file final-v5.cif (mmCIF, C-alpha atoms)
data_target
loop_
_atom_site.label_atom_id
_atom_site.label_comp_id
_atom_site.auth_asym_id
_atom_site.auth_seq_id
_atom_site.Cartn_x
_atom_site.Cartn_y
_atom_site.Cartn_z
CA PHE A 1 -65.04 0.89 27.67
CA ALA A 2 -64.55 0.80 23.90
CA GLU A 3 -61.64 3.24 24.11
CA LYS A 4 -59.89 1.19 26.82
CA PHE A 5 -60.47 -1.94 24.80
CA GLU A 6 -58.98 -0.30 21.69
CA ASP A 7 -55.99 1.02 23.70
CA SER A 8 -55.48 -2.46 25.07
CA ILE A 9 -55.50 -4.02 21.59
CA THR A 10 -53.10 -1.31 20.33
CA ALA A 11 -50.76 -1.94 23.26
CA ILE A 12 -50.78 -5.68 22.51
CA GLN A 13 -50.02 -5.05 18.83
CA VAL A 14 -47.21 -2.63 19.71
CA ALA A 15 -45.76 -5.19 22.14
CA GLU A 16 -45.93 -7.92 19.49
CA GLN A 17 -44.25 -5.65 16.92
CA ALA A 18 -41.57 -4.70 19.44
CA LYS A 19 -40.99 -8.40 20.08
CA VAL A 20 -40.60 -9.04 16.33
CA VAL A 21 -38.27 -6.03 15.97
CA ASN A 22 -36.17 -7.31 18.90
CA GLU A 23 -35.97 -10.76 17.31
CA TYR A 24 -34.81 -9.22 14.03
CA GLU A 25 -32.23 -7.10 15.85
CA GLN A 26 -30.91 -10.23 17.55
CA GLN A 27 -30.65 -11.97 14.18
CA VAL A 28 -28.79 -8.96 12.76
CA GLN A 29 -26.36 -9.02 15.70
CA GLN A 30 -25.78 -12.74 15.20
CA VAL A 31 -24.95 -12.11 11.53
CA VAL A 32 -22.63 -9.23 12.46
CA GLN A 33 -20.85 -11.44 15.00
CA SER A 34 -20.56 -14.27 12.46
CA ILE A 35 -19.02 -11.84 9.97
CA GLU A 36 -16.53 -10.64 12.60
CA VAL A 37 -15.57 -14.23 13.46
CA MET A 38 -15.05 -14.99 9.76
CA ARG A 39 -13.04 -11.78 9.31
CA SER A 40 -10.80 -12.74 12.25
CA LYS A 41 -10.24 -16.24 10.85
CA ILE A 42 -9.41 -14.83 7.42
CA ASN A 43 -7.00 -12.28 8.90
CA ALA A 44 -5.32 -15.06 10.88
CA ASN A 45 -4.98 -17.15 7.71
CA ILE A 46 -3.55 -14.16 5.84
CA ALA A 47 -1.04 -13.56 8.64
CA ASN A 48 0.02 -17.23 8.60
CA ILE A 49 0.41 -17.26 4.83
CA SER A 50 2.35 -13.99 4.88
CA ALA A 51 4.67 -15.22 7.63
CA GLY A 52 5.31 -18.45 5.73
CA ALA A 53 5.98 -16.58 2.51
CA GLU A 54 8.34 -14.18 4.27
CA ALA A 55 10.25 -17.05 5.86
CA LYS A 56 10.53 -18.83 2.50
CA ALA A 57 11.73 -15.61 0.84
CA LYS A 58 14.45 -15.17 3.47
CA GLU A 59 15.47 -18.79 3.02
CA LEU A 60 15.66 -18.36 -0.77
CA ARG A 61 17.68 -15.14 -0.47
CA ALA A 62 20.11 -16.78 1.96
CA GLY A 63 20.50 -19.76 -0.36
CA ALA A 64 21.08 -17.49 -3.34
CA LYS A 65 23.73 -15.49 -1.44
CA ARG A 66 25.42 -18.72 -0.34
CA ASP A 67 25.40 -20.09 -3.90
CA ALA A 68 26.67 -16.80 -5.34
CA PHE A 69 29.50 -16.72 -2.79
CA ALA A 70 30.43 -20.34 -3.59
CA LEU A 71 30.41 -19.60 -7.33
CA THR A 72 32.53 -16.48 -6.85
CA GLN A 73 35.05 -18.29 -4.68
CA GLY A 74 35.17 -21.21 -7.10
CA MET A 75 35.76 -18.91 -10.05
CA LYS A 76 38.48 -17.01 -8.16
CA ALA A 77 40.24 -20.28 -7.35
CA LYS A 78 39.98 -21.39 -10.98
CA LYS A 79 41.32 -18.09 -12.34
CA TYR A 80 44.17 -17.97 -9.80
CA ALA A 81 45.10 -21.53 -10.79
CA GLU A 82 45.03 -20.54 -14.47
CA LEU A 83 47.20 -17.47 -13.78
CA LYS A 84 49.63 -19.54 -11.71
CA LYS A 85 49.89 -22.10 -14.52
CA ARG A 86 50.20 -19.47 -17.24
CA LEU A 87 53.01 -17.67 -15.38
CA GLY A 88 54.64 -20.95 -14.38
CA PHE A 89 54.65 -19.99 -10.70
CA ASN A 90 54.29 -22.10 -7.61
CA SER A 91 52.01 -20.88 -4.79
CA ALA A 92 54.77 -18.97 -2.97
CA GLN A 93 55.86 -17.23 -6.18
CA LEU A 94 52.29 -16.25 -6.98
CA GLN A 95 51.97 -14.76 -3.50
CA GLU A 96 55.14 -12.72 -4.05
CA PHE A 97 53.81 -11.64 -7.45
CA PHE A 98 50.67 -10.26 -5.83
CA LYS A 99 52.77 -8.42 -3.24
CA ALA A 100 54.74 -6.78 -6.04
CA GLN A 101 51.52 -5.87 -7.86
CA LEU A 102 50.21 -4.29 -4.70
CA LEU A 103 53.34 -2.21 -4.37
CA GLN A 104 53.02 -0.94 -7.92
CA HIS A 105 49.55 0.32 -7.21
CA GLN A 106 50.39 2.09 -3.93
CA GLY A 107 50.30 5.88 -4.06
CA LYS A 108 53.56 7.84 -4.34
CA GLY A 109 55.14 8.78 -1.05
CA SER A 110 53.60 5.92 0.90
CA LYS A 111 56.04 3.58 2.58
CA VAL A 112 55.51 -0.15 2.41
CA VAL A 113 58.09 -2.63 3.63
CA ILE A 114 58.16 -6.16 2.26
CA GLY A 115 60.59 -9.04 2.36
CA MET A 116 61.20 -10.98 -0.83
CA SER A 117 63.37 -14.04 -1.11
CA GLY A 118 64.33 -16.33 -3.93
CA ILE A 119 66.06 -13.64 -5.96
CA GLY A 120 69.63 -13.61 -4.78
CA GLU A 121 69.70 -13.20 -1.04
CA ALA A 122 66.79 -12.11 1.12
CA THR A 123 66.37 -8.32 1.17
CA THR A 124 64.03 -5.87 2.77
CA LYS A 125 63.40 -2.62 0.95
CA THR A 126 60.91 0.19 1.07
CA LYS A 127 58.91 1.07 -2.01
CA ASP A 128 61.00 4.20 -2.54
CA GLU A 129 64.15 2.08 -2.55
CA LEU A 130 62.76 -0.24 -5.23
#

call {"tool": "encode", "arguments": {"input": "final-v5.cif", "output": "structure tokens"}}
result
Amino acid sequence: FAEKFEDSITAIQVAEQAKVVNEYEQQVQQVVQSIEVMRSKINANIANISAGAEAKAKELRAGAKRDAFALTQGMKAKKYAELKKRLGFNSAQLQEFFKAQLLQHQGKGSKVVIGMSGIGEATTKTKDEL
């Protein structure tokens, strides 16, 4: 009888310890799940911040390119106006001047035909004839 009684008490103690162990395991799983939820929220926040930063960077780059293009075009217009004034040309004469400059820089043997007026009568000549 004493041995059965002792076995019974041992079984009760083992069951109580198993219950406590199970409770602790449940608490550990709850903490692990809470950590995973927090990790997911943090990753979502990081993704949102990164996407916003990337969009802002693209916007800034596009604005910088636009501003650089506007500055370049403005400076070209200013310098062409200064050249036109310095040479005493009107717009048509400046255009003819650039055509002549282009011809001077063409490679030998290439044929370019242009029409120039305002100097005597209108003529059409190839580069080799000039």

call {"tool": "axis_aligned_box", "arguments": {"input": "final-v5.cif", "around": "stretch 82-100 of chain A", "padding_each_side": "4 Å", "output": "lines of an AutoDock Vina configuration file"}}
result
center_x = 50.4
center_y = -14.4
center_z = -10.1
size_x = 18.8
size_y = 23.3
size_z = 22.3

call {"tool": "atom_distance", "arguments": {"input": "final-v5.cif", "atom1": "atom CA of A:Gly88", "atom2": "atom CA of A:Met75"}}
result
19.5 Å

call {"tool": "atom_distance", "arguments": {"input": "final-v5.cif", "atom1": "atom CA of A:Gln101", "atom2": "atom CA of A:Lys84"}}
result
14.3 Å

call {"tool": "atom_distance", "arguments": {"input": "final-v5.cif", "atom1": "atom CA of A:Lys79", "atom2": "atom CA of A:Ser91"}}
result
13.4 Å

call {"tool": "decode", "arguments": {"input": "final-v5.cif", "residues": "stretch 7-35 of chain A", "atoms": "N, CA, C and O atoms", "output": "PDB file, in the first residue's frame"}}
result
ATOM      1  N   ASP A   7       3.849   6.122  -5.217  1.00  0.00           N
ATOM      2  CA  ASP A   7       3.768   6.231  -6.678  1.00  0.00           C
ATOM      3  C   ASP A   7       2.675   7.227  -7.068  1.00  0.00           C
ATOM      4  O   ASP A   7       2.819   8.017  -8.004  1.00  0.00           O
ATOM      5  N   SER A   8       1.593   7.194  -6.318  1.00  0.00           N
ATOM      6  CA  SER A   8       0.488   8.106  -6.591  1.00  0.00           C
ATOM      7  C   SER A   8       0.911   9.551  -6.333  1.00  0.00           C
ATOM      8  O   SER A   8       0.626  10.455  -7.117  1.00  0.00           O
ATOM      9  N   ILE A   9       1.595   9.784  -5.220  1.00  0.00           N
ATOM     10  CA  ILE A   9       2.070  11.133  -4.889  1.00  0.00           C
ATOM     11  C   ILE A   9       3.072  11.590  -5.940  1.00  0.00           C
ATOM     12  O   ILE A   9       3.040  12.742  -6.394  1.00  0.00           O
ATOM     13  N   THR A  10       3.984  10.724  -6.359  1.00  0.00           N
ATOM     14  CA  THR A  10       4.984  11.050  -7.377  1.00  0.00           C
ATOM     15  C   THR A  10       4.299  11.402  -8.689  1.00  0.00           C
ATOM     16  O   THR A  10       4.663  12.373  -9.367  1.00  0.00           O
ATOM     17  N   ALA A  11       3.289  10.633  -9.050  1.00  0.00           N
ATOM     18  CA  ALA A  11       2.559  10.897 -10.297  1.00  0.00           C
ATOM     19  C   ALA A  11       1.870  12.251 -10.241  1.00  0.00           C
ATOM     20  O   ALA A  11       1.862  13.010 -11.220  1.00  0.00           O
ATOM     21  N   ILE A  12       1.312  12.599  -9.069  1.00  0.00           N
ATOM     22  CA  ILE A  12       0.653  13.899  -8.915  1.00  0.00           C
ATOM     23  C   ILE A  12       1.680  15.031  -9.044  1.00  0.00           C
ATOM     24  O   ILE A  12       1.455  16.032  -9.724  1.00  0.00           O
ATOM     25  N   GLN A  13       2.840  14.856  -8.416  1.00  0.00           N
ATOM     26  CA  GLN A  13       3.892  15.878  -8.485  1.00  0.00           C
ATOM     27  C   GLN A  13       4.416  16.031  -9.917  1.00  0.00           C
ATOM     28  O   GLN A  13       4.650  17.149 -10.391  1.00  0.00           O
ATOM     29  N   VAL A  14       4.581  14.919 -10.607  1.00  0.00           N
ATOM     30  CA  VAL A  14       5.041  14.966 -12.008  1.00  0.00           C
ATOM     31  C   VAL A  14       4.005  15.679 -12.866  1.00  0.00           C
ATOM     32  O   VAL A  14       4.327  16.515 -13.725  1.00  0.00           O
ATOM     33  N   ALA A  15       2.720  15.395 -12.612  1.00  0.00           N
ATOM     34  CA  ALA A  15       1.652  16.037 -13.388  1.00  0.00           C
ATOM     35  C   ALA A  15       1.626  17.537 -13.122  1.00  0.00           C
ATOM     36  O   ALA A  15       1.452  18.356 -14.038  1.00  0.00           O
ATOM     37  N   GLU A  16       1.809  17.912 -11.832  1.00  0.00           N
ATOM     38  CA  GLU A  16       1.832  19.341 -11.501  1.00  0.00           C
ATOM     39  C   GLU A  16       3.032  20.035 -12.148  1.00  0.00           C
ATOM     40  O   GLU A  16       2.924  21.149 -12.656  1.00  0.00           O
ATOM     41  N   GLN A  17       4.183  19.395 -12.133  1.00  0.00           N
ATOM     42  CA  GLN A  17       5.378  19.967 -12.762  1.00  0.00           C
ATOM     43  C   GLN A  17       5.201  20.076 -14.280  1.00  0.00           C
ATOM     44  O   GLN A  17       5.599  21.066 -14.895  1.00  0.00           O
ATOM     45  N   ALA A  18       4.574  19.072 -14.870  1.00  0.00           N
ATOM     46  CA  ALA A  18       4.321  19.105 -16.317  1.00  0.00           C
ATOM     47  C   ALA A  18       3.375  20.257 -16.650  1.00  0.00           C
ATOM     48  O   ALA A  18       3.540  20.959 -17.658  1.00  0.00           O
ATOM     49  N   LYS A  19       2.387  20.470 -15.768  1.00  0.00           N
ATOM     50  CA  LYS A  19       1.454  21.573 -15.964  1.00  0.00           C
ATOM     51  C   LYS A  19       2.202  22.910 -15.918  1.00  0.00           C
ATOM     52  O   LYS A  19       1.996  23.786 -16.764  1.00  0.00           O
ATOM     53  N   VAL A  20       3.091  23.065 -14.930  1.00  0.00           N
ATOM     54  CA  VAL A  20       3.871  24.300 -14.795  1.00  0.00           C
ATOM     55  C   VAL A  20       4.780  24.484 -16.020  1.00  0.00           C
ATOM     56  O   VAL A  20       4.883  25.582 -16.572  1.00  0.00           O
ATOM     57  N   VAL A  21       5.427  23.409 -16.452  1.00  0.00           N
ATOM     58  CA  VAL A  21       6.304  23.467 -17.635  1.00  0.00           C
ATOM     59  C   VAL A  21       5.492  23.875 -18.858  1.00  0.00           C
ATOM     60  O   VAL A  21       5.914  24.727 -19.654  1.00  0.00           O
ATOM     61  N   ASN A  22       4.300  23.309 -19.030  1.00  0.00           N
ATOM     62  CA  ASN A  22       3.437  23.661 -20.153  1.00  0.00           C
ATOM     63  C   ASN A  22       3.030  25.142 -20.092  1.00  0.00           C
ATOM     64  O   ASN A  22       2.994  25.830 -21.119  1.00  0.00           O
ATOM     65  N   GLU A  23       2.733  25.622 -18.904  1.00  0.00           N
ATOM     66  CA  GLU A  23       2.372  27.035 -18.749  1.00  0.00           C
ATOM     67  C   GLU A  23       3.545  27.932 -19.156  1.00  0.00           C
ATOM     68  O   GLU A  23       3.365  28.939 -19.841  1.00  0.00           O
ATOM     69  N   TYR A  24       4.745  27.554 -18.711  1.00  0.00           N
ATOM     70  CA  TYR A  24       5.933  28.336 -19.080  1.00  0.00           C
ATOM     71  C   TYR A  24       6.177  28.286 -20.588  1.00  0.00           C
ATOM     72  O   TYR A  24       6.531  29.296 -21.209  1.00  0.00           O
ATOM     73  N   GLU A  25       5.985  27.132 -21.188  1.00  0.00           N
ATOM     74  CA  GLU A  25       6.167  27.003 -22.640  1.00  0.00           C
ATOM     75  C   GLU A  25       5.164  27.885 -23.380  1.00  0.00           C
ATOM     76  O   GLU A  25       5.494  28.514 -24.391  1.00  0.00           O
ATOM     77  N   GLN A  26       3.941  27.950 -22.870  1.00  0.00           N
ATOM     78  CA  GLN A  26       2.932  28.824 -23.485  1.00  0.00           C
ATOM     79  C   GLN A  26       3.347  30.288 -23.365  1.00  0.00           C
ATOM     80  O   GLN A  26       3.204  31.069 -24.321  1.00  0.00           O
ATOM     81  N   GLN A  27       3.882  30.653 -22.200  1.00  0.00           N
ATOM     82  CA  GLN A  27       4.340  32.033 -22.022  1.00  0.00           C
ATOM     83  C   GLN A  27       5.497  32.350 -22.974  1.00  0.00           C
ATOM     84  O   GLN A  27       5.565  33.440 -23.553  1.00  0.00           O
ATOM     85  N   VAL A  28       6.394  31.398 -23.131  1.00  0.00           N
ATOM     86  CA  VAL A  28       7.522  31.587 -24.058  1.00  0.00           C
ATOM     87  C   VAL A  28       7.003  31.759 -25.488  1.00  0.00           C
ATOM     88  O   VAL A  28       7.435  32.662 -26.222  1.00  0.00           O
ATOM     89  N   GLN A  29       6.040  30.963 -25.887  1.00  0.00           N
ATOM     90  CA  GLN A  29       5.474  31.073 -27.234  1.00  0.00           C
ATOM     91  C   GLN A  29       4.771  32.410 -27.426  1.00  0.00           C
ATOM     92  O   GLN A  29       4.848  33.014 -28.501  1.00  0.00           O
ATOM     93  N   GLN A  30       4.093  32.893 -26.389  1.00  0.00           N
ATOM     94  CA  GLN A  30       3.449  34.201 -26.482  1.00  0.00           C
ATOM     95  C   GLN A  30       4.490  35.307 -26.684  1.00  0.00           C
ATOM     96  O   GLN A  30       4.298  36.222 -27.478  1.00  0.00           O
ATOM     97  N   VAL A  31       5.600  35.202 -25.960  1.00  0.00           N
ATOM     98  CA  VAL A  31       6.681  36.198 -26.114  1.00  0.00           C
ATOM     99  C   VAL A  31       7.277  36.111 -27.515  1.00  0.00           C
ATOM    100  O   VAL A  31       7.504  37.141 -28.174  1.00  0.00           O
ATOM    101  N   VAL A  32       7.513  34.910 -28.001  1.00  0.00           N
ATOM    102  CA  VAL A  32       8.060  34.727 -29.352  1.00  0.00           C
ATOM    103  C   VAL A  32       7.110  35.322 -30.389  1.00  0.00           C
ATOM    104  O   VAL A  32       7.534  36.031 -31.319  1.00  0.00           O
ATOM    105  N   GLN A  33       5.817  35.079 -30.241  1.00  0.00           N
ATOM    106  CA  GLN A  33       4.834  35.633 -31.171  1.00  0.00           C
ATOM    107  C   GLN A  33       4.793  37.160 -31.086  1.00  0.00           C
ATOM    108  O   GLN A  33       4.705  37.846 -32.113  1.00  0.00           O
ATOM    109  N   SER A  34       4.888  37.698 -29.873  1.00  0.00           N
ATOM    110  CA  SER A  34       4.906  39.157 -29.705  1.00  0.00           C
ATOM    111  C   SER A  34       6.130  39.756 -30.399  1.00  0.00           C
ATOM    112  O   SER A  34       6.044  40.808 -31.053  1.00  0.00           O
ATOM    113  N   ILE A  35       7.256  39.100 -30.262  1.00  0.00           N
ATOM    114  CA  ILE A  35       8.482  39.568 -30.916  1.00  0.00           C
ATOM    115  C   ILE A  35       8.313  39.547 -32.440  1.00  0.00           C
ATOM    116  O   ILE A  35       8.697  40.490 -33.129  1.00  0.00           O
TER     117      ILE A  35
END
